[in-house]
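Asks: I'd like to ask some things about the structure below.
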Amino acid sequence: MISREEALDVYQQLRTIRSFEEKLDTMMKAGKMAGFLHLYVGQEAVAVGVCSHLNDRDYVSSNHRGHGHCIAKGVDLKGMMAELFGKKTGICKGKGGSMHIADLDRGMIGANGIVGAGIPQAVGAALTVSVKKTGGVAVAFFGDGATNQGQFHEALNIAATWKLPAVFILENNGYGEATPAEFAAPMTDLAVRAKSYAMHSLVADGMDFFDVFEKAGEAIDRARKGEGPSLVECKTYRFLGHFVGDPIGYRTDEELNDWKTNRDPLPTFETKAIEMGLVSADALRRIDAEVTAEIEAAVASAEEAPFPSPEDVLTDVYVTE
Amino acid sequence: MISREEALDVYQQLRTIRSFEEKLDTMMKAGKMAGFLHLYVGQEAVAVGVCSHLNDRDYVSSNHRGHGHCIAKGVDLKGMMAELFGKKTGICKGKGGSMHIADLDRGMIGANGIVGAGIPQAVGAALTVSVKKTGGVAVAFFGDGATNQGQFHEALNIAATWKLPAVFILENNGYGEATPAEFAAPMTDLAVRAKSYAMHSLVADGMDFFDVFEKAGEAIDRARKGEGPSLVECKTYRFLGHFVGDPIGYRTDEELNDWKTNRDPLPTFETKAIEMGLVSADALRRIDAEVTAEIEAAVASAEEAPFPSPEDVLTDVYVTE
Amino acid sequence: MARTLSFTAALNEALHIAMEADDDVIIIGEDVAGGGGRKDQGIEDAWGGPFGATRGLIGKFGPERVRDTPISEMGFLGVAVGAAATGLRPVAEIMFIDFLGVALDPLLNQASKMRYMFGGKARVPLTMRTNVGAGNRASCQHSQALYGMTVAIPGLKTVIPSTPADAKGLLLASIRDDNPVVFCETKSLMNSEGEVPEGDYEIPLGTASVVREGGDVTLVGMGRTVHTALEAADALAEDGLQADVVDLRSLYPLDEATVLASLEKTGRLVVVDEATPYCGIASEIGALCIDKGFDFLNAPVKKVTAPHTPVPFSPVLEDEYMPSQEKIVAAVHEQLGWNT
Amino acid sequence: MARTLSFTAALNEALHIAMEADDDVIIIGEDVAGGGGRKDQGIEDAWGGPFGATRGLIGKFGPERVRDTPISEMGFLGVAVGAAATGLRPVAEIMFIDFLGVALDPLLNQASKMRYMFGGKARVPLTMRTNVGAGNRASCQHSQALYGMTVAIPGLKTVIPSTPADAKGLLLASIRDDNPVVFCETKSLMNSEGEVPEGDYEIPLGTASVVREGGDVTLVGMGRTVHTALEAADALAEDGLQADVVDLRSLYPLDEATVLASLEKTGRLVVVDEATPYCGIASEIGALCIDKGFDFLNAPVKKVTAPHTPVPFSPVLEDEYMPSQEKIVAAVHEQLGWNT
Ligand SMILES: Cc1ncc(C[n+]2csc(CCOP(=O)(O)OP(=O)(O)O)c2C)c(N)n1
Ligand SMILES: Cc1ncc(C[n+]2csc(CCOP(=O)(O)OP(=O)(O)O)c2C)c(N)n1
Ligand SMILES: [Mg+2]
Ligand SMILES: [Mg+2]
């Protein structure tokens, strides 16, 4: 279980992701930003529940919906915000944008615009830590839709065959873009797919930090101990559209409202953590305010930051020294 | 169960495949043929057991080890032999060679040099028969190695999601080239992979025609009735190298001899069929002789046939009329 | 009668016509309906394709013929190849051409080679619709212009319209072609509008079109860069230079005759492509000119392309990345020795 | 001291040296050991790679660093990319370049773009060894020369040696390069032999080599076609024509200076490539000549390539398919107007 201090930290991260994403949503809709934004609102407990077990020698690969994973893995908020504004001070100098945020120093090996492509890369990172015996683990985050990609299959098979310290976090939010998961696979419970690789699997309530924390902890522990990879299916839901600008229309309001009203990971965490005596509502409200201020500061600094120069288009293609 | 007539037919096919392949092996080693030959010796019961249930409105896709599937699906022997000699009279005018034998009129939609690539194509054929409501089914033949390809995964998922009349025949011969199956996946029983697609699965003794016939029959029946696809794992073994010229060395003589001595599909069929009163040894010896003659005739006609003209290199790229 | 339609609407119209005319035409791809199986909940085609080009099809032709797929590009493109070889005429959508990274084999080793390797006995009437190009801040994995890759593959045809009218006529011709065709739709043109004839018509693959006449220099473009070339032609006209602007429309088969005829007339050629510079159409046109157009050439052939870099995200960088009117004008000036 | 070694042996030697010198170098691919896990049964590396180039490595460096993979090209190449980005220096083998059909994404959208899209902060020291070319009766899915496709991708380097000595030096340089490198080994050269220096040496990527000097015409080749060009040069010498023969060695970066210097000297250039004709290196060299070499040209640049068809199986057809000495000589004669 987690300590009081850790609980505050967890809430701070949940709130940061939520507020970061909501701020982006507002700014994008107001025409203040360009690009393709896939927001993580609703799924925060997954990123935070998993990354709470990780440290800097551990690796994470992510997907198109990557902001939450990046924040939970400790990527600098200002650098992320500036990146989304296409500024020179962005974590990727404005060259990558939302779907390509990475910070190798923090073990964040990349968001990814290709569904499924991050999965073998995490296995590659697991190979590195295994060959170099660093004691690290590597985690891949991906969606239900990605489990229908060949790369999911090939990567899990390799990880299992080589018994690598990898953990596969399947965020099952019920949709791949506009297509409901049940039209993309003959079943909606996807953890069973681990059986194809004789792999350990677990199912977590992806809306509940504590459940994700426990299940991911078990998987990460096993990986660290050399017991091989696991697949953890986290049942979750995205509260916003597939991307900012999605007309939605493929799901009913009732469905959405049910998840939002009854299973929002922030109130869920708050209620449980207060019940457990880990935090007070006051402390959380203070965090809310701090986070808001931090995000406003990140926006202000991103807005003020310079754009790259046009000539920068030509640099950073090859390592030249 | 099969009739006496059918039993003779089955034996005729088993023997044809065996003799065809052994003849190729001899000729190749004698330097009479060029190319990359992957022979099917040892696995005959699978192709014959499955294709005995098929007719011309059914489709089969195959892999690099395709001669047996082609013969069992009724592709002309002379045309195949001429193809392997690179002759103009070849079933593909000498343009394809061993890994690309096809005969669309017979529902043989192609051997394939890309491991796994035939699997979605069979699903495509199943889509055609389903949309056109022909009552046909489509069968994909592939090896244990191919189940580690993304295309296997994606194709099975699509077939299951769309409930198409497809049947997946996994010929588990324990090796992908020189690599034992247990170094390519964390387990050697692969039928379990159907579970990832909530798909029906069966396991057959791939050395025993009768067992394959029964299990494949069940799967094909289900498909024809609209009950969706199945995966049938046939446990088998290849008696020769991965290709003609393979130095082998990756398996022991004891292992090979055990399979050859105790589980050869031809004697296995013969013993059972005689026991069941379906055939007499004499009748089978007559078939042996006929088959030998037929294959010699195919070789003679292929040897005499003309090569394509050099200009033919430019034709058949596009449909032009 | 022609009406003004967007690119997307013109494509949509072509798909309606093709499906109506031929029961064998089916549509498969991710979100081509989108929530299409939830008719019971009143949801039919929430998206109608990522850009809306397949809207209305499932309602009219049913879920048998309009199929949302899992996110399995290699798989469903392979399915489409198998279906095409056995009697259907599938239109498969690979949402962005960048996704050929996970879908190349069905084109590279299957659809393109079947006819040849089976000795002329297969027909693979597959159309692969896909979105190409930069300019929408979609960053490097959703902005490439990879048609050079498909042009290089014998057995495929590759098409890229620059106007809604051409989009409709070329798509109908592509679907009815008995060969596998890669049909490229340019991201930055999807909402652009133009006159589109009503009814059923085809524009034959392999015919370029001269969209502006002028005797001083030939500008060759495709898709978006036809428009950039036209802008450059306007700018050049102010310098007193008249440009021929050739819209390739079809990248393979390539209408060499039209390109060479224009070059013969002008003696100078600039090829404008939003793809990266190496081993693409721009180089191909250069190689064509130097081989078959050698005697016509009064100046080096210049390529105005994207640089040899991934597509950057930042608007400032992406704008610099794209071929521009200014770069074309500069290339023409260079040919004339104006800036040396 | 140089010894005579086959291509395969030279590659094997380079791999031994690279692994010995740097613990981060690992080998992954199908059958790179082959039965490598059956040490208990006395089986160590039954195959040592499909052509034997990785033989002996597992015995020396162990199964941690020499890994047989499942038949999962996209997966293990993606694993190699992830490993490269996090500190290893993988040498991954894609048995035949044709299999990029099922392995393109890790090159196209990942390895090549990481450094750029992450703002210059990634290093991806991945080497992808792969086998290219026709001539071995391996038919159309095992005989392609698809390096034009990788040259087109910004962020990658592409190399193709024509001799065992170059193979060794270029492979060592590729492995030690901090960028992703596609290292092409030509099928029809694997058993050919040549002098190979002992010890550790590198041939820098991006340097072509002039393998024969002559002032009348430039023949540009790569891999196998260097040898075809040399044969043609012999034949041309009988006509009294002296050919410069340039071996590109590295396709990206391309040593433009060496090509242009030769062209300046000879005024005529024929590029010989066993790949298909469109959007490949041959066209790229043509486009280079017409752009930067315009003033040097006395004749059209001719491409001698394979035709725009899949590779046929029949020996008669495949022999016709390959660029030959005769076709090169004919192209030179055409440039000189000898046969018009
Ligand atoms: C290979 C590939 N195919 C398709 C897409 C387009 N696309 C982007 S996100 C997405 C849906 C992904 O669904 P899922 O994996 O469930 O993640 P979610 O968006 O639900 O978080 C699709 C189809 C893509 N980016 N890459
Ligand atoms: C995509 C691809 N990868 C690798 C190969 C090389 N290859 C040809 S056959 C083969 C082994 C296939 O094993 P399996 O599927 O078990 O069939 P088997 O040969 O045992 O019948 C391999 C690796 C190939 N042809 N295609
Ligand atoms: Mg999802
Ligand atoms: Mg096998």
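Residues are referred to by chain and number: the chain letter is A, B, ... according to the order shown in the structure tokens, the number counts from 1 in that chain, and ligands are numbered separately from 1 in the order shown.
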When you look at Gly199 (chain C) with a cut-off of 12 Å (counting only C-alpha atoms), what residues show up, excluding the ones that are within fewer than 5 positions of it in the same chain? I need them as an MDAnalysis selection string.
Replies: chainID C and resid 1:3 10 13:18 20:21 165 168:169 172
Asks: Mind listing as number ranges by chain which residues of chain A are within 9 Å of chain D, counting only C-alpha atoms?
Replies: A: 59, 90-97, 100-104, 107, 109-110, 112-114, 117-132, 150-158, 161, 315-320
Asks: Could you list, as a PyMOL selection string, all protein and nucleic acid residues with an atom at most 6 Å from ligand 4, counting only C-alpha atoms and all ligand atoms?
Replies: chain B and resi 143-145+172-176
Asks: Using only C-alpha atoms and a distance of at most 7 Å, pull out the residues of chain C that contact chain D, as an mmCIF file with N, CA and C atoms, in the first residue's frame.
Replies:
data_model
loop_
_atom_site.group_PDB
_atom_site.id
_atom_site.type_symbol
_atom_site.label_atom_id
_atom_site.label_comp_id
_atom_site.auth_asym_id
_atom_site.auth_seq_id
_atom_site.Cartn_x
_atom_site.Cartn_y
_atom_site.Cartn_z
ATOM 1 N N GLY C 101 3.842 1.253 -43.620
ATOM 2 C CA GLY C 101 4.826 0.612 -42.738
ATOM 3 C C GLY C 101 4.304 -0.687 -42.163
ATOM 4 N N VAL C 102 3.029 -0.735 -41.856
ATOM 5 C CA VAL C 102 2.438 -1.970 -41.320
ATOM 6 C C VAL C 102 1.502 -2.636 -42.332
ATOM 7 N N LEU C 104 2.652 -3.127 -45.996
ATOM 8 C CA LEU C 104 3.271 -3.137 -47.322
ATOM 9 C C LEU C 104 3.173 -4.473 -48.042
ATOM 10 N N ASP C 105 3.291 -5.557 -47.303
ATOM 11 C CA ASP C 105 3.414 -6.843 -47.990
ATOM 12 C C ASP C 105 2.283 -7.151 -48.976
ATOM 13 N N LEU C 108 3.380 -5.105 -51.947
ATOM 14 C CA LEU C 108 4.718 -5.365 -52.487
ATOM 15 C C LEU C 108 4.874 -6.782 -53.011
ATOM 16 N N ASN C 109 4.444 -7.741 -52.235
ATOM 17 C CA ASN C 109 4.721 -9.133 -52.599
ATOM 18 C C ASN C 109 3.508 -9.917 -53.051
ATOM 19 N N LYS C 113 2.274 -8.807 -57.666
ATOM 20 C CA LYS C 113 3.012 -9.878 -58.330
ATOM 21 C C LYS C 113 2.136 -11.042 -58.764
ATOM 22 N N TYR C 116 1.692 -11.828 -62.550
ATOM 23 C CA TYR C 116 2.933 -12.273 -63.183
ATOM 24 C C TYR C 116 3.328 -13.664 -62.684
ATOM 25 N N GLN C 141 4.551 11.024 -38.820
ATOM 26 C CA GLN C 141 4.020 9.691 -39.131
ATOM 27 C C GLN C 141 2.633 9.740 -39.767
ATOM 28 N N GLY C 148 6.094 7.415 -54.244
ATOM 29 C CA GLY C 148 7.265 6.945 -54.993
ATOM 30 C C GLY C 148 7.505 5.469 -54.735
ATOM 31 N N MET C 149 7.198 5.055 -53.526
ATOM 32 C CA MET C 149 7.382 3.664 -53.143
ATOM 33 C C MET C 149 6.455 2.732 -53.923
ATOM 34 N N VAL C 151 5.014 3.493 -56.866
ATOM 35 C CA VAL C 151 5.361 3.597 -58.288
ATOM 36 C C VAL C 151 6.500 2.636 -58.627
ATOM 37 N N ALA C 152 7.399 2.467 -57.683
ATOM 38 C CA ALA C 152 8.557 1.606 -57.927
ATOM 39 C C ALA C 152 8.171 0.137 -58.067
ATOM 40 N N PRO C 154 6.564 -2.896 -59.663
ATOM 41 C CA PRO C 154 5.913 -3.369 -60.879
ATOM 42 C C PRO C 154 4.620 -4.119 -60.549
ATOM 43 N N GLY C 155 3.594 -3.867 -61.319
ATOM 44 C CA GLY C 155 2.319 -4.540 -61.084
ATOM 45 C C GLY C 155 1.284 -3.626 -60.457
ATOM 46 N N TYR C 278 14.734 12.005 -52.701
ATOM 47 C CA TYR C 278 15.453 10.906 -53.331
ATOM 48 C C TYR C 278 14.555 9.736 -53.717
ATOM 49 N N CYS C 279 14.858 9.186 -54.863
ATOM 50 C CA CYS C 279 14.148 8.005 -55.356
ATOM 51 C C CYS C 279 12.637 8.202 -55.373
ATOM 52 N N GLY C 280 12.212 9.379 -55.787
ATOM 53 C CA GLY C 280 10.778 9.644 -55.896
ATOM 54 C C GLY C 280 10.425 10.074 -57.307
ATOM 55 N N ILE C 281 9.226 10.624 -57.452
ATOM 56 C CA ILE C 281 8.736 11.013 -58.775
ATOM 57 C C ILE C 281 9.571 12.147 -59.351
ATOM 58 N N SER C 283 12.734 12.740 -59.075
ATOM 59 C CA SER C 283 13.933 12.197 -59.699
ATOM 60 C C SER C 283 13.577 11.418 -60.956
ATOM 61 N N GLU C 284 12.462 10.745 -60.910
ATOM 62 C CA GLU C 284 12.028 9.960 -62.062
ATOM 63 C C GLU C 284 11.799 10.864 -63.266
ATOM 64 N N GLY C 286 13.166 13.734 -63.712
ATOM 65 C CA GLY C 286 14.502 14.176 -64.112
ATOM 66 C C GLY C 286 15.178 13.139 -65.001
ATOM 67 N N ALA C 287 15.120 11.880 -64.562
ATOM 68 C CA ALA C 287 15.764 10.809 -65.326
ATOM 69 C C ALA C 287 15.105 10.640 -66.697
ATOM 70 N N ILE C 290 16.388 13.427 -68.982
ATOM 71 C CA ILE C 290 17.768 13.314 -69.433
ATOM 72 C C ILE C 290 17.928 12.168 -70.394
ATOM 73 N N ASP C 291 17.061 11.191 -70.280
ATOM 74 C CA ASP C 291 17.156 10.067 -71.200
ATOM 75 C C ASP C 291 16.437 10.418 -72.509
ATOM 76 N N PHE C 294 16.671 14.604 -73.785
ATOM 77 C CA PHE C 294 17.997 15.238 -73.796
ATOM 78 C C PHE C 294 18.113 16.359 -74.831
ATOM 79 N N PRO C 300 19.343 22.772 -66.801
ATOM 80 C CA PRO C 300 19.195 21.638 -65.886
ATOM 81 C C PRO C 300 17.737 21.475 -65.459
ATOM 82 N N VAL C 301 17.311 20.249 -65.296
ATOM 83 C CA VAL C 301 15.999 19.998 -64.699
ATOM 84 C C VAL C 301 16.132 20.221 -63.200
ATOM 85 N N LYS C 302 15.234 20.977 -62.645
ATOM 86 C CA LYS C 302 15.307 21.253 -61.208
ATOM 87 C C LYS C 302 14.178 20.532 -60.475
ATOM 88 N N HIS C 308 15.241 16.310 -47.477
ATOM 89 C CA HIS C 308 15.473 14.923 -47.030
ATOM 90 C C HIS C 308 15.431 14.886 -45.498
ATOM 91 N N THR C 309 14.245 15.115 -44.967
ATOM 92 C CA THR C 309 14.036 15.085 -43.516
ATOM 93 C C THR C 309 12.627 14.550 -43.273
ATOM 94 N N PRO C 310 12.372 14.078 -42.069
ATOM 95 C CA PRO C 310 10.973 13.776 -41.727
ATOM 96 C C PRO C 310 10.149 15.067 -41.756
#
Asks: Got a sec: who's within 6 Å of Gly29 (chain C), counting only C-alpha atoms, leaving out chain neighbours fewer than 6 positions off, as an MDAnalysis selection string?
Replies: chainID C and resid 68:69 92:93
Asks: Go ahead and write the selection's residues with N, CA and C atoms as a PDB file, in the first residue's frame.
Replies:
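So the final result, stored in selection04.pdb, reads:
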ATOM      1  N   ASP C  68     -16.313  -2.035 -41.397  1.00  0.00           N
ATOM      2  CA  ASP C  68     -15.324  -1.524 -40.456  1.00  0.00           C
ATOM      3  C   ASP C  68     -14.370  -2.665 -40.117  1.00  0.00           C
ATOM      4  N   THR C  69     -13.101  -2.369 -40.119  1.00  0.00           N
ATOM      5  CA  THR C  69     -12.134  -3.411 -39.788  1.00  0.00           C
ATOM      6  C   THR C  69     -11.487  -3.133 -38.446  1.00  0.00           C
ATOM      7  N   ALA C  92     -10.193  -0.750 -50.503  1.00  0.00           N
ATOM      8  CA  ALA C  92      -9.695  -0.813 -49.126  1.00  0.00           C
ATOM      9  C   ALA C  92      -9.080   0.529 -48.784  1.00  0.00           C
ATOM     10  N   GLU C  93      -9.329   0.969 -47.574  1.00  0.00           N
ATOM     11  CA  GLU C  93      -8.785   2.265 -47.190  1.00  0.00           C
ATOM     12  C   GLU C  93      -7.671   2.100 -46.163  1.00  0.00           C
TER      13      GLU C  93
END
Asks: What does the distance from CA of His53 (chain B) to atom 11 (C, counted along the ligand's line) of ligand 2 come to in Å, to one decimal?
Replies: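 Separation between CA of His53 (chain B) and atom 11 (C, counted along the ligand's line) of ligand 2: 26.8 Å.
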Asks: If we count only C-alpha atoms, which residues of chain B reach to within 12 Å of chain A? Please list them as number ranges by chain.
Replies: B: 116, 145-164, 181-200, 228-229
Asks: So that I can check the secondary structure, give me every residue of region 35-225 of chain D assigned alpha helix (DSSP H) by backbone DSSP, as an MDAnalysis selection string.
Replies: chainID D and resid 57:61 73:85 104:105 112:117 147:151 164:176 224:225
Asks: Pick out the residues sitting within 10 Å of Arg263 (chain B), and hand them over as a compact mmCIF listing (two decimals) with all heavy atoms, in the first residue's frame; count only C-alpha atoms, and ignore anything fewer than 3 positions along from it in its own chain.
Replies:
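Below you can see out_5.txt, which holds the result:
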# COMPACT_ATOMS: atom_id res chain seq x y z
N GLY B 42 6.38 -36.32 -45.45
CA GLY B 42 6.10 -36.52 -44.03
C GLY B 42 4.77 -35.89 -43.62
O GLY B 42 4.12 -36.33 -42.69
N ASP B 205 -3.80 -35.47 -35.10
CA ASP B 205 -2.54 -36.16 -35.37
C ASP B 205 -2.28 -36.01 -36.87
O ASP B 205 -2.91 -36.68 -37.69
CB ASP B 205 -2.66 -37.63 -34.99
CG ASP B 205 -1.40 -38.41 -35.36
OD1 ASP B 205 -0.49 -37.83 -36.01
OD2 ASP B 205 -1.31 -39.60 -35.01
N GLY B 206 -1.38 -35.13 -37.20
CA GLY B 206 -1.13 -34.80 -38.60
C GLY B 206 -0.46 -35.91 -39.38
O GLY B 206 -0.28 -35.79 -40.60
N MET B 207 -0.10 -37.01 -38.71
CA MET B 207 0.51 -38.14 -39.42
C MET B 207 -0.56 -39.17 -39.78
O MET B 207 -0.27 -40.15 -40.46
CB MET B 207 1.59 -38.80 -38.55
CG MET B 207 2.63 -37.84 -38.01
SD MET B 207 3.40 -36.80 -39.29
CE MET B 207 4.75 -37.87 -39.80
N ASP B 208 -1.76 -38.94 -39.30
CA ASP B 208 -2.83 -39.92 -39.47
C ASP B 208 -3.96 -39.31 -40.31
O ASP B 208 -4.71 -38.46 -39.83
CB ASP B 208 -3.35 -40.33 -38.09
CG ASP B 208 -4.53 -41.29 -38.19
OD1 ASP B 208 -4.87 -41.72 -39.32
OD2 ASP B 208 -5.11 -41.59 -37.13
N THR B 236 2.76 -32.67 -36.88
CA THR B 236 3.38 -33.39 -37.98
C THR B 236 4.89 -33.21 -37.94
O THR B 236 5.44 -32.71 -36.95
CB THR B 236 2.73 -32.95 -39.32
OG1 THR B 236 3.28 -33.69 -40.39
CG2 THR B 236 2.91 -31.48 -39.58
N TYR B 237 5.54 -33.65 -39.00
CA TYR B 237 7.01 -33.62 -39.03
C TYR B 237 7.44 -33.65 -40.49
O TYR B 237 6.82 -34.31 -41.30
CB TYR B 237 7.55 -34.86 -38.31
CG TYR B 237 9.01 -34.73 -37.88
CD1 TYR B 237 9.34 -34.03 -36.73
CD2 TYR B 237 10.02 -35.32 -38.63
CE1 TYR B 237 10.67 -33.90 -36.34
CE2 TYR B 237 11.35 -35.20 -38.25
CZ TYR B 237 11.67 -34.49 -37.10
OH TYR B 237 12.97 -34.37 -36.71
N ASN B 257 14.38 -40.43 -37.04
CA ASN B 257 14.09 -41.84 -37.28
C ASN B 257 12.85 -42.31 -36.54
O ASN B 257 12.09 -43.14 -37.05
CB ASN B 257 15.30 -42.70 -36.91
CG ASN B 257 16.40 -42.50 -37.93
OD1 ASN B 257 16.12 -42.17 -39.09
ND2 ASN B 257 17.66 -42.66 -37.51
N ASP B 258 12.65 -41.76 -35.37
CA ASP B 258 11.45 -42.11 -34.62
C ASP B 258 10.20 -41.76 -35.43
O ASP B 258 9.29 -42.58 -35.58
CB ASP B 258 11.47 -41.37 -33.28
CG ASP B 258 10.26 -41.73 -32.44
OD1 ASP B 258 9.86 -42.90 -32.46
OD2 ASP B 258 9.71 -40.81 -31.78
N TRP B 259 10.17 -40.56 -35.95
CA TRP B 259 9.00 -40.16 -36.75
C TRP B 259 8.88 -41.01 -38.01
O TRP B 259 7.78 -41.47 -38.35
CB TRP B 259 9.11 -38.69 -37.14
CG TRP B 259 8.80 -37.72 -36.05
CD1 TRP B 259 9.68 -37.22 -35.14
CD2 TRP B 259 7.52 -37.13 -35.75
NE1 TRP B 259 9.03 -36.34 -34.29
CE2 TRP B 259 7.70 -36.26 -34.65
CE3 TRP B 259 6.24 -37.23 -36.30
CZ2 TRP B 259 6.67 -35.51 -34.09
CZ3 TRP B 259 5.21 -36.48 -35.75
CH2 TRP B 259 5.42 -35.64 -34.65
N LYS B 260 9.99 -41.22 -38.68
CA LYS B 260 9.93 -41.95 -39.94
C LYS B 260 9.51 -43.40 -39.74
O LYS B 260 8.71 -43.94 -40.50
CB LYS B 260 11.30 -41.92 -40.65
CG LYS B 260 11.53 -40.65 -41.44
CD LYS B 260 12.92 -40.57 -42.02
CE LYS B 260 13.04 -41.23 -43.37
NZ LYS B 260 14.28 -40.76 -44.06
N LEU B 266 2.10 -42.69 -44.73
CA LEU B 266 1.68 -43.66 -45.75
C LEU B 266 1.45 -45.04 -45.15
O LEU B 266 0.34 -45.57 -45.25
CB LEU B 266 2.64 -43.67 -46.95
CG LEU B 266 2.24 -42.64 -48.02
CD1 LEU B 266 2.61 -41.23 -47.61
CD2 LEU B 266 2.77 -43.00 -49.39
N PRO B 267 2.45 -45.65 -44.52
CA PRO B 267 2.17 -46.92 -43.84
C PRO B 267 1.07 -46.80 -42.80
O PRO B 267 0.26 -47.74 -42.63
CB PRO B 267 3.50 -47.28 -43.17
CG PRO B 267 4.52 -46.34 -43.70
CD PRO B 267 3.86 -45.28 -44.50
N THR B 268 1.02 -45.66 -42.11
CA THR B 268 -0.05 -45.49 -41.11
C THR B 268 -1.41 -45.62 -41.77
O THR B 268 -2.30 -46.33 -41.28
CB THR B 268 0.09 -44.11 -40.42
OG1 THR B 268 1.37 -44.04 -39.80
CG2 THR B 268 -1.01 -43.91 -39.39
N PHE B 269 -1.57 -44.95 -42.90
CA PHE B 269 -2.84 -45.05 -43.61
C PHE B 269 -3.08 -46.47 -44.08
O PHE B 269 -4.17 -47.04 -43.91
CB PHE B 269 -2.87 -44.10 -44.81
CG PHE B 269 -4.10 -44.24 -45.64
CD1 PHE B 269 -5.28 -43.61 -45.28
CD2 PHE B 269 -4.12 -45.04 -46.79
CE1 PHE B 269 -6.45 -43.76 -46.03
CE2 PHE B 269 -5.28 -45.21 -47.54
CZ PHE B 269 -6.44 -44.56 -47.16
Asks: When DSSP is applied to the backbone of this structure, which of region 84-223 of chain B are assigned strand (DSSP E or B)? Write them out as JSON, numbers by chain.
Replies: {"B": [103, 108, 138, 139, 140, 141, 142, 143, 166, 167, 168, 169, 170, 171, 172, 175, 176, 179, 180, 200, 201, 202, 203, 204, 205]}
Asks: Provide the CA of Ser98 (chain B) to CA of Phe36 (chain B) distance in Å, to one decimal place.
Replies: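 Computing it gives 7.1 Å between the two atoms.
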Asks: Could you list, as an NGL selection string, every residue within 12 Å of region 217-226 of chain B, counting only C-alpha atoms and ignoring same-chain residues fewer than 4 positions away?
Replies: :B and (1-2 or 46 or 48-55 or 57-59 or 123 or 126-127 or 129-130 or 133-140 or 159-160 or 162-169 or 199-204 or 209-213 or 230-233)
Asks: For Ile71 (chain A), work out the shell of residues within 10 Å, counting only C-alpha atoms and skipping chain neighbours fewer than 6 positions away, then give it as a ChimeraX atom specification.
Replies: /A:13-14,16-17,20,47-48,51,77,80,108
Asks: Name all residues at most 8 Å from Leu284 (chain B) (count only C-alpha atoms; drop same-chain ones fewer than 5 positions away) and give them as a ChimeraX atom specification.
Replies: /B:8,11-12,279
Asks: Nearest to ligand 1 among C:Val316, C:Leu126, C:Ala138, C:Val66, with distances taken over only C-alpha atoms and all ligand atoms: which residue is it?
Replies: C:Ala138
